[in-house]
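S.K.: The following file, upload-v9.cif, comprises mmCIF, N, CA and C atoms:
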```cif
data_coords
#
loop_
_atom_site.group_PDB
_atom_site.id
_atom_site.type_symbol
_atom_site.label_atom_id
_atom_site.label_comp_id
_atom_site.auth_asym_id
_atom_site.auth_seq_id
_atom_site.Cartn_x
_atom_site.Cartn_y
_atom_site.Cartn_z
ATOM 1 N N MET A 1 0.819 -1.191 0.000
ATOM 2 C CA MET A 1 0.000 0.000 0.000
ATOM 3 C C MET A 1 0.865 1.257 0.000
ATOM 4 N N ASN A 2 1.995 1.193 0.699
ATOM 5 C CA ASN A 2 2.887 2.356 0.712
ATOM 6 C C ASN A 2 3.367 2.713 -0.681
ATOM 7 N N ASN A 3 3.632 1.707 -1.510
ATOM 8 C CA ASN A 3 4.058 1.977 -2.884
ATOM 9 C C ASN A 3 2.948 2.635 -3.695
ATOM 10 N N VAL A 4 1.720 2.176 -3.504
ATOM 11 C CA VAL A 4 0.582 2.779 -4.204
ATOM 12 C C VAL A 4 0.426 4.230 -3.770
ATOM 13 N N MET A 5 0.505 4.474 -2.485
ATOM 14 C CA MET A 5 0.365 5.839 -1.979
ATOM 15 C C MET A 5 1.492 6.741 -2.486
ATOM 16 N N ARG A 6 2.709 6.232 -2.478
ATOM 17 C CA ARG A 6 3.846 7.008 -2.967
ATOM 18 C C ARG A 6 3.664 7.354 -4.446
ATOM 19 N N SER A 7 3.238 6.381 -5.235
ATOM 20 C CA SER A 7 3.017 6.610 -6.661
ATOM 21 C C SER A 7 1.938 7.665 -6.891
ATOM 22 N N ILE A 8 0.855 7.575 -6.144
ATOM 23 C CA ILE A 8 -0.219 8.553 -6.294
ATOM 24 C C ILE A 8 0.258 9.946 -5.894
ATOM 25 N N GLN A 9 1.068 10.035 -4.855
ATOM 26 C CA GLN A 9 1.608 11.335 -4.455
ATOM 27 C C GLN A 9 2.509 11.910 -5.539
ATOM 28 N N GLU A 10 3.294 11.053 -6.191
ATOM 29 C CA GLU A 10 4.268 11.519 -7.178
ATOM 30 C C GLU A 10 3.633 11.867 -8.524
ATOM 31 N N VAL A 11 2.718 11.026 -9.011
ATOM 32 C CA VAL A 11 2.200 11.229 -10.369
ATOM 33 C C VAL A 11 0.681 11.292 -10.451
ATOM 34 N N GLY A 12 0.003 11.098 -9.328
ATOM 35 C CA GLY A 12 -1.459 11.105 -9.331
ATOM 36 C C GLY A 12 -2.015 9.741 -9.706
ATOM 37 N N VAL A 13 -3.323 9.677 -9.824
ATOM 38 C CA VAL A 13 -3.999 8.439 -10.205
ATOM 39 C C VAL A 13 -4.041 8.398 -11.736
ATOM 40 N N LEU A 14 -3.367 7.412 -12.315
ATOM 41 C CA LEU A 14 -3.270 7.327 -13.766
ATOM 42 C C LEU A 14 -4.404 6.521 -14.395
ATOM 43 N N GLN A 15 -5.014 5.650 -13.622
ATOM 44 C CA GLN A 15 -6.092 4.812 -14.140
ATOM 45 C C GLN A 15 -7.314 4.973 -13.238
ATOM 46 N N PRO A 16 -8.437 5.405 -13.806
ATOM 47 C CA PRO A 16 -9.629 5.592 -12.976
ATOM 48 C C PRO A 16 -10.162 4.265 -12.447
ATOM 49 N N ALA A 17 -10.880 4.323 -11.357
ATOM 50 C CA ALA A 17 -11.566 3.155 -10.820
ATOM 51 C C ALA A 17 -12.776 2.863 -11.707
ATOM 52 N N ILE A 18 -13.273 1.642 -11.637
ATOM 53 C CA ILE A 18 -14.493 1.274 -12.350
ATOM 54 C C ILE A 18 -15.557 0.996 -11.291
ATOM 55 N N VAL A 19 -16.694 1.658 -11.436
ATOM 56 C CA VAL A 19 -17.785 1.526 -10.470
ATOM 57 C C VAL A 19 -19.086 1.236 -11.201
ATOM 58 N N ARG A 20 -20.079 0.780 -10.425
ATOM 59 C CA ARG A 20 -21.423 0.627 -10.968
ATOM 60 C C ARG A 20 -22.411 1.166 -9.940
ATOM 61 N N PRO A 21 -23.549 1.669 -10.408
ATOM 62 C CA PRO A 21 -24.567 2.151 -9.476
ATOM 63 C C PRO A 21 -25.109 0.998 -8.642
ATOM 64 N N ASP A 22 -25.400 1.273 -7.370
ATOM 65 C CA ASP A 22 -26.044 0.257 -6.538
ATOM 66 C C ASP A 22 -27.511 0.649 -6.307
ATOM 67 N N ASN A 23 -28.217 -0.132 -5.551
ATOM 68 C CA ASN A 23 -29.652 0.112 -5.326
ATOM 69 C C ASN A 23 -29.935 1.235 -4.344
ATOM 70 N N ASN A 24 -28.895 1.780 -3.704
ATOM 71 C CA ASN A 24 -29.064 2.848 -2.712
ATOM 72 C C ASN A 24 -28.728 4.225 -3.262
ATOM 73 N N GLY A 25 -28.515 4.325 -4.574
ATOM 74 C CA GLY A 25 -28.162 5.602 -5.172
ATOM 75 C C GLY A 25 -26.691 5.944 -5.009
ATOM 76 N N GLU A 26 -25.892 4.980 -4.599
ATOM 77 C CA GLU A 26 -24.447 5.176 -4.463
ATOM 78 C C GLU A 26 -23.744 4.316 -5.502
ATOM 79 N N PHE A 27 -22.448 4.090 -5.324
ATOM 80 C CA PHE A 27 -21.688 3.309 -6.292
ATOM 81 C C PHE A 27 -20.909 2.201 -5.604
ATOM 82 N N GLU A 28 -20.793 1.086 -6.303
ATOM 83 C CA GLU A 28 -19.999 -0.049 -5.846
ATOM 84 C C GLU A 28 -18.718 -0.073 -6.669
ATOM 85 N N ILE A 29 -17.577 -0.141 -6.010
ATOM 86 C CA ILE A 29 -16.298 -0.211 -6.709
ATOM 87 C C ILE A 29 -16.104 -1.633 -7.223
ATOM 88 N N LEU A 30 -15.851 -1.750 -8.518
ATOM 89 C CA LEU A 30 -15.580 -3.044 -9.128
ATOM 90 C C LEU A 30 -14.081 -3.252 -9.326
ATOM 91 N N SER A 31 -13.379 -2.186 -9.622
ATOM 92 C CA SER A 31 -11.932 -2.234 -9.829
ATOM 93 C C SER A 31 -11.353 -0.916 -9.328
ATOM 94 N N GLY A 32 -10.334 -0.999 -8.466
ATOM 95 C CA GLY A 32 -9.718 0.219 -7.952
ATOM 96 C C GLY A 32 -9.823 0.367 -6.451
ATOM 97 N N HIS A 33 -10.054 -0.741 -5.755
ATOM 98 C CA HIS A 33 -10.186 -0.674 -4.297
ATOM 99 C C HIS A 33 -8.930 -0.125 -3.623
ATOM 100 N N ARG A 34 -7.763 -0.566 -4.065
ATOM 101 C CA ARG A 34 -6.514 -0.076 -3.442
ATOM 102 C C ARG A 34 -6.280 1.394 -3.743
ATOM 103 N N ARG A 35 -6.581 1.818 -4.981
ATOM 104 C CA ARG A 35 -6.449 3.249 -5.318
ATOM 105 C C ARG A 35 -7.393 4.074 -4.452
ATOM 106 N N HIS A 36 -8.621 3.597 -4.276
ATOM 107 C CA HIS A 36 -9.600 4.302 -3.442
ATOM 108 C C HIS A 36 -9.100 4.425 -2.001
ATOM 109 N N TYR A 37 -8.623 3.320 -1.446
ATOM 110 C CA TYR A 37 -8.113 3.324 -0.071
ATOM 111 C C TYR A 37 -6.922 4.274 0.063
ATOM 112 N N ALA A 38 -5.987 4.197 -0.886
ATOM 113 C CA ALA A 38 -4.799 5.058 -0.842
ATOM 114 C C ALA A 38 -5.196 6.530 -0.924
ATOM 115 N N CYS A 39 -6.122 6.852 -1.796
ATOM 116 C CA CYS A 39 -6.560 8.240 -1.935
ATOM 117 C C CYS A 39 -7.219 8.742 -0.656
ATOM 118 N N LYS A 40 -8.024 7.891 -0.016
ATOM 119 C CA LYS A 40 -8.643 8.278 1.255
ATOM 120 C C LYS A 40 -7.572 8.550 2.313
ATOM 121 N N LYS A 41 -6.568 7.670 2.396
ATOM 122 C CA LYS A 41 -5.487 7.848 3.367
ATOM 123 C C LYS A 41 -4.697 9.128 3.094
ATOM 124 N N LEU A 42 -4.569 9.499 1.827
ATOM 125 C CA LEU A 42 -3.826 10.702 1.458
ATOM 126 C C LEU A 42 -4.678 11.969 1.588
ATOM 127 N N GLY A 43 -5.958 11.811 1.919
ATOM 128 C CA GLY A 43 -6.818 12.967 2.111
ATOM 129 C C GLY A 43 -7.478 13.484 0.847
ATOM 130 N N PHE A 44 -7.451 12.712 -0.236
ATOM 131 C CA PHE A 44 -8.122 13.128 -1.466
ATOM 132 C C PHE A 44 -9.627 13.115 -1.225
ATOM 133 N N GLU A 45 -10.319 14.049 -1.816
ATOM 134 C CA GLU A 45 -11.768 14.110 -1.674
ATOM 135 C C GLU A 45 -12.496 13.439 -2.824
ATOM 136 N N SER A 46 -11.773 13.097 -3.890
ATOM 137 C CA SER A 46 -12.427 12.464 -5.033
ATOM 138 C C SER A 46 -11.447 11.525 -5.733
ATOM 139 N N LEU A 47 -11.998 10.657 -6.552
ATOM 140 C CA LEU A 47 -11.232 9.703 -7.345
ATOM 141 C C LEU A 47 -11.920 9.600 -8.695
ATOM 142 N N SER A 48 -11.161 9.729 -9.765
ATOM 143 C CA SER A 48 -11.751 9.580 -11.098
ATOM 144 C C SER A 48 -12.284 8.165 -11.257
ATOM 145 N N CYS A 49 -13.484 8.063 -11.815
ATOM 146 C CA CYS A 49 -14.127 6.761 -11.985
ATOM 147 C C CYS A 49 -14.795 6.668 -13.352
ATOM 148 N N ILE A 50 -14.858 5.448 -13.843
ATOM 149 C CA ILE A 50 -15.652 5.115 -15.016
ATOM 150 C C ILE A 50 -16.884 4.393 -14.485
ATOM 151 N N ILE A 51 -18.056 4.868 -14.856
ATOM 152 C CA ILE A 51 -19.302 4.261 -14.389
ATOM 153 C C ILE A 51 -19.796 3.284 -15.449
ATOM 154 N N ARG A 52 -20.010 2.047 -15.046
ATOM 155 C CA ARG A 52 -20.513 0.999 -15.938
ATOM 156 C C ARG A 52 -21.807 0.439 -15.368
ATOM 157 N N ASP A 53 -22.781 0.239 -16.213
ATOM 158 C CA ASP A 53 -24.018 -0.402 -15.801
ATOM 159 C C ASP A 53 -23.848 -1.887 -16.077
ATOM 160 N N MET A 54 -23.590 -2.672 -15.031
ATOM 161 C CA MET A 54 -23.308 -4.102 -15.181
ATOM 162 C C MET A 54 -24.211 -4.921 -14.284
ATOM 163 N N ASP A 55 -24.597 -6.088 -14.793
ATOM 164 C CA ASP A 55 -25.326 -7.022 -13.941
ATOM 165 C C ASP A 55 -24.325 -7.726 -13.020
ATOM 166 N N ASP A 56 -24.832 -8.496 -12.078
ATOM 167 C CA ASP A 56 -23.963 -9.148 -11.096
ATOM 168 C C ASP A 56 -22.953 -10.090 -11.741
ATOM 169 N N ASP A 57 -23.363 -10.844 -12.756
ATOM 170 C CA ASP A 57 -22.449 -11.779 -13.409
ATOM 171 C C ASP A 57 -21.289 -11.047 -14.076
ATOM 172 N N SER A 58 -21.586 -9.993 -14.805
ATOM 173 C CA SER A 58 -20.531 -9.213 -15.469
ATOM 174 C C SER A 58 -19.602 -8.559 -14.460
ATOM 175 N N ALA A 59 -20.170 -8.048 -13.368
ATOM 176 C CA ALA A 59 -19.361 -7.412 -12.323
ATOM 177 C C ALA A 59 -18.424 -8.430 -11.678
ATOM 178 N N THR A 60 -18.921 -9.637 -11.431
ATOM 179 C CA THR A 60 -18.091 -10.689 -10.832
ATOM 180 C C THR A 60 -16.933 -11.054 -11.744
ATOM 181 N N ILE A 61 -17.203 -11.151 -13.034
ATOM 182 C CA ILE A 61 -16.136 -11.454 -14.000
ATOM 183 C C ILE A 61 -15.101 -10.345 -14.005
ATOM 184 N N LEU A 62 -15.533 -9.089 -14.029
ATOM 185 C CA LEU A 62 -14.600 -7.959 -14.029
ATOM 186 C C LEU A 62 -13.755 -7.949 -12.759
ATOM 187 N N MET A 63 -14.366 -8.178 -11.605
ATOM 188 C CA MET A 63 -13.628 -8.164 -10.350
ATOM 189 C C MET A 63 -12.616 -9.291 -10.316
ATOM 190 N N GLY A 64 -12.950 -10.446 -10.872
ATOM 191 C CA GLY A 64 -12.006 -11.562 -10.939
ATOM 192 C C GLY A 64 -10.815 -11.241 -11.807
ATOM 193 N N ARG A 65 -11.043 -10.569 -12.920
ATOM 194 C CA ARG A 65 -9.947 -10.158 -13.804
ATOM 195 C C ARG A 65 -9.064 -9.118 -13.143
ATOM 196 N N SER A 66 -9.660 -8.230 -12.362
ATOM 197 C CA SER A 66 -8.887 -7.192 -11.678
ATOM 198 C C SER A 66 -7.923 -7.785 -10.671
ATOM 199 N N ARG A 67 -8.322 -8.847 -10.002
ATOM 200 C CA ARG A 67 -7.465 -9.486 -9.006
ATOM 201 C C ARG A 67 -6.301 -10.234 -9.636
ATOM 202 N N GLU A 68 -6.480 -10.687 -10.881
ATOM 203 C CA GLU A 68 -5.432 -11.442 -11.557
ATOM 204 C C GLU A 68 -4.279 -10.563 -11.993
ATOM 205 N N SER A 69 -4.548 -9.301 -12.282
ATOM 206 C CA SER A 69 -3.489 -8.431 -12.803
ATOM 207 C C SER A 69 -2.685 -7.759 -11.720
#
```
Please re-express this file's structure in structure tokens.
M.R.:
Amino acid sequence: MNNVMRSIQEVGVLQPAIVRPDNNGEFEILSGHRRHYACKKLGFESLSCIIRDMDDDSATILMGRSRES
């Protein structure tokens, strides 16, 4: 996590997180959990995100691919 935080401090967030709307009017992070956590620890108030409308099966596949890389 320290490396992620250091990188974000030095060059910013280069790849936006991927989120989808949830049933509560908020967003569920599908890819970018570590970037989100690092940004919160660094005091950032926002994180660039790509919003995707995905069903549960598609979201599960995307999250599985994110963990592999």
S.K.: What lies within 6.5 Å of range 13-23 of chain A using only N, CA and C atoms, ignoring chain neighbours under 5 positions off, as a list in words?
M.R.: Ser7, Ile8, Glu28, Ile29, Leu30, Ser31, Gly32, Leu47, Ser48, Cys49, Ile50, Ile51, Arg52, Asp53 and Met54 of chain A
S.K.: Can those selected residues be exported to a file as a compact mmCIF listing (two decimals), in the frame of the given file so that it contains N, CA and C atoms?
M.R.:
```
# COMPACT_ATOMS: atom_id res chain seq x y z
N SER A 7 3.24 6.38 -5.24
CA SER A 7 3.02 6.61 -6.66
C SER A 7 1.94 7.66 -6.89
N ILE A 8 0.86 7.58 -6.14
CA ILE A 8 -0.22 8.55 -6.29
C ILE A 8 0.26 9.95 -5.89
N GLU A 28 -20.79 1.09 -6.30
CA GLU A 28 -20.00 -0.05 -5.85
C GLU A 28 -18.72 -0.07 -6.67
N ILE A 29 -17.58 -0.14 -6.01
CA ILE A 29 -16.30 -0.21 -6.71
C ILE A 29 -16.10 -1.63 -7.22
N LEU A 30 -15.85 -1.75 -8.52
CA LEU A 30 -15.58 -3.04 -9.13
C LEU A 30 -14.08 -3.25 -9.33
N SER A 31 -13.38 -2.19 -9.62
CA SER A 31 -11.93 -2.23 -9.83
C SER A 31 -11.35 -0.92 -9.33
N GLY A 32 -10.33 -1.00 -8.47
CA GLY A 32 -9.72 0.22 -7.95
C GLY A 32 -9.82 0.37 -6.45
N LEU A 47 -12.00 10.66 -6.55
CA LEU A 47 -11.23 9.70 -7.34
C LEU A 47 -11.92 9.60 -8.70
N SER A 48 -11.16 9.73 -9.76
CA SER A 48 -11.75 9.58 -11.10
C SER A 48 -12.28 8.16 -11.26
N CYS A 49 -13.48 8.06 -11.82
CA CYS A 49 -14.13 6.76 -11.98
C CYS A 49 -14.80 6.67 -13.35
N ILE A 50 -14.86 5.45 -13.84
CA ILE A 50 -15.65 5.12 -15.02
C ILE A 50 -16.88 4.39 -14.48
N ILE A 51 -18.06 4.87 -14.86
CA ILE A 51 -19.30 4.26 -14.39
C ILE A 51 -19.80 3.28 -15.45
N ARG A 52 -20.01 2.05 -15.05
CA ARG A 52 -20.51 1.00 -15.94
C ARG A 52 -21.81 0.44 -15.37
N ASP A 53 -22.78 0.24 -16.21
CA ASP A 53 -24.02 -0.40 -15.80
C ASP A 53 -23.85 -1.89 -16.08
N MET A 54 -23.59 -2.67 -15.03
CA MET A 54 -23.31 -4.10 -15.18
C MET A 54 -24.21 -4.92 -14.28
```
S.K.: Go through A:Asp55, A:Gly43, A:Met63, A:Ala38 and flag the residue nearest Met5 in chain A, using all atoms listed in the file for the distances.
M.R.: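 Looking only at the distances to Met5 in chain A, the closest residue turns out to be A:Ala38.
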S.K.: How big is the axis-aligned box, and where does its centre sit, when it encloses all atoms of range 57-66 of chain A listed in the file and has 4 Å added on every side, reported in Å to one decimal as lines of an AutoDock Vina configuration file?
M.R.:
```
center_x = -15.6
center_y = -9.5
center_z = -12.9
size_x = 23.4
size_y = 12.6
size_z = 13.2
```
S.K.: Pick out each residue of chain A that DSSP on the backbone tags as alpha helix (DSSP H); I need them as a PyMOL selection string.
M.R.: chain A and resi 2-11+33-41+56-68
S.K.: Work out how far apart atom N of Met1 in chain A and atom N of Cys39 in chain A are and give it in Å to one decimal.
M.R.: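 Computed distance, atom N of Met1 in chain A to atom N of Cys39 in chain A, equals 10.8 Å.
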S.K.: Go through chain A and collect every residue that DSSP, computed from the backbone, puts in strand (DSSP E or B); the answer should be as a PyMOL selection string.
M.R.: chain A and resi 17-21+27-31+49-51
S.K.: Missing atoms in range 54-65 of chain A: can you complete it with all heavy atoms, as a PDB file, in the frame of the given file?
M.R.:
```pdb
ATOM      1  N   MET A  54     -23.590  -2.672 -15.031  1.00  0.00           N
ATOM      2  CA  MET A  54     -23.308  -4.102 -15.181  1.00  0.00           C
ATOM      3  C   MET A  54     -24.211  -4.921 -14.284  1.00  0.00           C
ATOM      4  O   MET A  54     -24.499  -4.524 -13.152  1.00  0.00           O
ATOM      5  CB  MET A  54     -21.866  -4.413 -14.774  1.00  0.00           C
ATOM      6  CG  MET A  54     -20.818  -3.830 -15.637  1.00  0.00           C
ATOM      7  SD  MET A  54     -19.215  -4.450 -15.070  1.00  0.00           S
ATOM      8  CE  MET A  54     -18.218  -3.952 -16.440  1.00  0.00           C
ATOM      9  N   ASP A  55     -24.597  -6.088 -14.793  1.00  0.00           N
ATOM     10  CA  ASP A  55     -25.326  -7.022 -13.941  1.00  0.00           C
ATOM     11  C   ASP A  55     -24.325  -7.726 -13.020  1.00  0.00           C
ATOM     12  O   ASP A  55     -23.113  -7.556 -13.162  1.00  0.00           O
ATOM     13  CB  ASP A  55     -26.139  -8.015 -14.771  1.00  0.00           C
ATOM     14  CG  ASP A  55     -25.290  -8.880 -15.698  1.00  0.00           C
ATOM     15  OD1 ASP A  55     -24.079  -9.067 -15.446  1.00  0.00           O
ATOM     16  OD2 ASP A  55     -25.850  -9.396 -16.679  1.00  0.00           O
ATOM     17  N   ASP A  56     -24.832  -8.496 -12.078  1.00  0.00           N
ATOM     18  CA  ASP A  56     -23.963  -9.148 -11.096  1.00  0.00           C
ATOM     19  C   ASP A  56     -22.953 -10.090 -11.741  1.00  0.00           C
ATOM     20  O   ASP A  56     -21.797 -10.134 -11.329  1.00  0.00           O
ATOM     21  CB  ASP A  56     -24.795  -9.920 -10.065  1.00  0.00           C
ATOM     22  CG  ASP A  56     -25.548  -9.000  -9.124  1.00  0.00           C
ATOM     23  OD1 ASP A  56     -25.211  -7.800  -9.057  1.00  0.00           O
ATOM     24  OD2 ASP A  56     -26.475  -9.489  -8.452  1.00  0.00           O
ATOM     25  N   ASP A  57     -23.363 -10.844 -12.756  1.00  0.00           N
ATOM     26  CA  ASP A  57     -22.449 -11.779 -13.409  1.00  0.00           C
ATOM     27  C   ASP A  57     -21.289 -11.047 -14.076  1.00  0.00           C
ATOM     28  O   ASP A  57     -20.129 -11.423 -13.921  1.00  0.00           O
ATOM     29  CB  ASP A  57     -23.181 -12.646 -14.441  1.00  0.00           C
ATOM     30  CG  ASP A  57     -24.129 -13.641 -13.805  1.00  0.00           C
ATOM     31  OD1 ASP A  57     -23.934 -13.983 -12.613  1.00  0.00           O
ATOM     32  OD2 ASP A  57     -25.076 -14.075 -14.495  1.00  0.00           O
ATOM     33  N   SER A  58     -21.586  -9.993 -14.805  1.00  0.00           N
ATOM     34  CA  SER A  58     -20.531  -9.213 -15.469  1.00  0.00           C
ATOM     35  C   SER A  58     -19.602  -8.559 -14.460  1.00  0.00           C
ATOM     36  O   SER A  58     -18.392  -8.506 -14.653  1.00  0.00           O
ATOM     37  CB  SER A  58     -21.150  -8.142 -16.376  1.00  0.00           C
ATOM     38  OG  SER A  58     -21.909  -8.732 -17.398  1.00  0.00           O
ATOM     39  N   ALA A  59     -20.170  -8.048 -13.368  1.00  0.00           N
ATOM     40  CA  ALA A  59     -19.361  -7.412 -12.323  1.00  0.00           C
ATOM     41  C   ALA A  59     -18.424  -8.430 -11.678  1.00  0.00           C
ATOM     42  O   ALA A  59     -17.253  -8.132 -11.422  1.00  0.00           O
ATOM     43  CB  ALA A  59     -20.255  -6.775 -11.274  1.00  0.00           C
ATOM     44  N   THR A  60     -18.921  -9.637 -11.431  1.00  0.00           N
ATOM     45  CA  THR A  60     -18.091 -10.689 -10.832  1.00  0.00           C
ATOM     46  C   THR A  60     -16.933 -11.054 -11.744  1.00  0.00           C
ATOM     47  O   THR A  60     -15.796 -11.214 -11.293  1.00  0.00           O
ATOM     48  CB  THR A  60     -18.948 -11.933 -10.524  1.00  0.00           C
ATOM     49  OG1 THR A  60     -19.969 -11.560  -9.603  1.00  0.00           O
ATOM     50  CG2 THR A  60     -18.113 -13.043  -9.931  1.00  0.00           C
ATOM     51  N   ILE A  61     -17.203 -11.151 -13.034  1.00  0.00           N
ATOM     52  CA  ILE A  61     -16.136 -11.454 -14.000  1.00  0.00           C
ATOM     53  C   ILE A  61     -15.101 -10.345 -14.005  1.00  0.00           C
ATOM     54  O   ILE A  61     -13.896 -10.611 -13.959  1.00  0.00           O
ATOM     55  CB  ILE A  61     -16.739 -11.675 -15.399  1.00  0.00           C
ATOM     56  CG1 ILE A  61     -17.538 -12.972 -15.420  1.00  0.00           C
ATOM     57  CG2 ILE A  61     -15.638 -11.692 -16.459  1.00  0.00           C
ATOM     58  CD1 ILE A  61     -18.406 -13.152 -16.664  1.00  0.00           C
ATOM     59  N   LEU A  62     -15.533  -9.089 -14.029  1.00  0.00           N
ATOM     60  CA  LEU A  62     -14.600  -7.959 -14.029  1.00  0.00           C
ATOM     61  C   LEU A  62     -13.755  -7.949 -12.759  1.00  0.00           C
ATOM     62  O   LEU A  62     -12.538  -7.770 -12.810  1.00  0.00           O
ATOM     63  CB  LEU A  62     -15.342  -6.631 -14.160  1.00  0.00           C
ATOM     64  CG  LEU A  62     -14.467  -5.384 -14.063  1.00  0.00           C
ATOM     65  CD1 LEU A  62     -13.563  -5.275 -15.285  1.00  0.00           C
ATOM     66  CD2 LEU A  62     -15.292  -4.152 -13.904  1.00  0.00           C
ATOM     67  N   MET A  63     -14.366  -8.178 -11.605  1.00  0.00           N
ATOM     68  CA  MET A  63     -13.628  -8.164 -10.350  1.00  0.00           C
ATOM     69  C   MET A  63     -12.616  -9.291 -10.316  1.00  0.00           C
ATOM     70  O   MET A  63     -11.514  -9.130  -9.805  1.00  0.00           O
ATOM     71  CB  MET A  63     -14.576  -8.239  -9.159  1.00  0.00           C
ATOM     72  CG  MET A  63     -15.316  -6.934  -8.931  1.00  0.00           C
ATOM     73  SD  MET A  63     -16.287  -6.906  -7.423  1.00  0.00           S
ATOM     74  CE  MET A  63     -17.685  -7.896  -7.869  1.00  0.00           C
ATOM     75  N   GLY A  64     -12.950 -10.446 -10.872  1.00  0.00           N
ATOM     76  CA  GLY A  64     -12.006 -11.562 -10.939  1.00  0.00           C
ATOM     77  C   GLY A  64     -10.815 -11.241 -11.807  1.00  0.00           C
ATOM     78  O   GLY A  64      -9.677 -11.553 -11.471  1.00  0.00           O
ATOM     79  N   ARG A  65     -11.043 -10.569 -12.920  1.00  0.00           N
ATOM     80  CA  ARG A  65      -9.947 -10.158 -13.804  1.00  0.00           C
ATOM     81  C   ARG A  65      -9.064  -9.118 -13.143  1.00  0.00           C
ATOM     82  O   ARG A  65      -7.854  -9.122 -13.310  1.00  0.00           O
ATOM     83  CB  ARG A  65     -10.503  -9.601 -15.116  1.00  0.00           C
ATOM     84  CG  ARG A  65     -11.079 -10.639 -16.009  1.00  0.00           C
ATOM     85  CD  ARG A  65     -11.548 -10.045 -17.306  1.00  0.00           C
ATOM     86  NE  ARG A  65     -12.166 -11.068 -18.129  1.00  0.00           N
ATOM     87  CZ  ARG A  65     -12.985 -10.807 -19.101  1.00  0.00           C
ATOM     88  NH1 ARG A  65     -13.316  -9.567 -19.395  1.00  0.00           N
ATOM     89  NH2 ARG A  65     -13.511 -11.783 -19.810  1.00  0.00           N
TER      90      ARG A  65
END
```
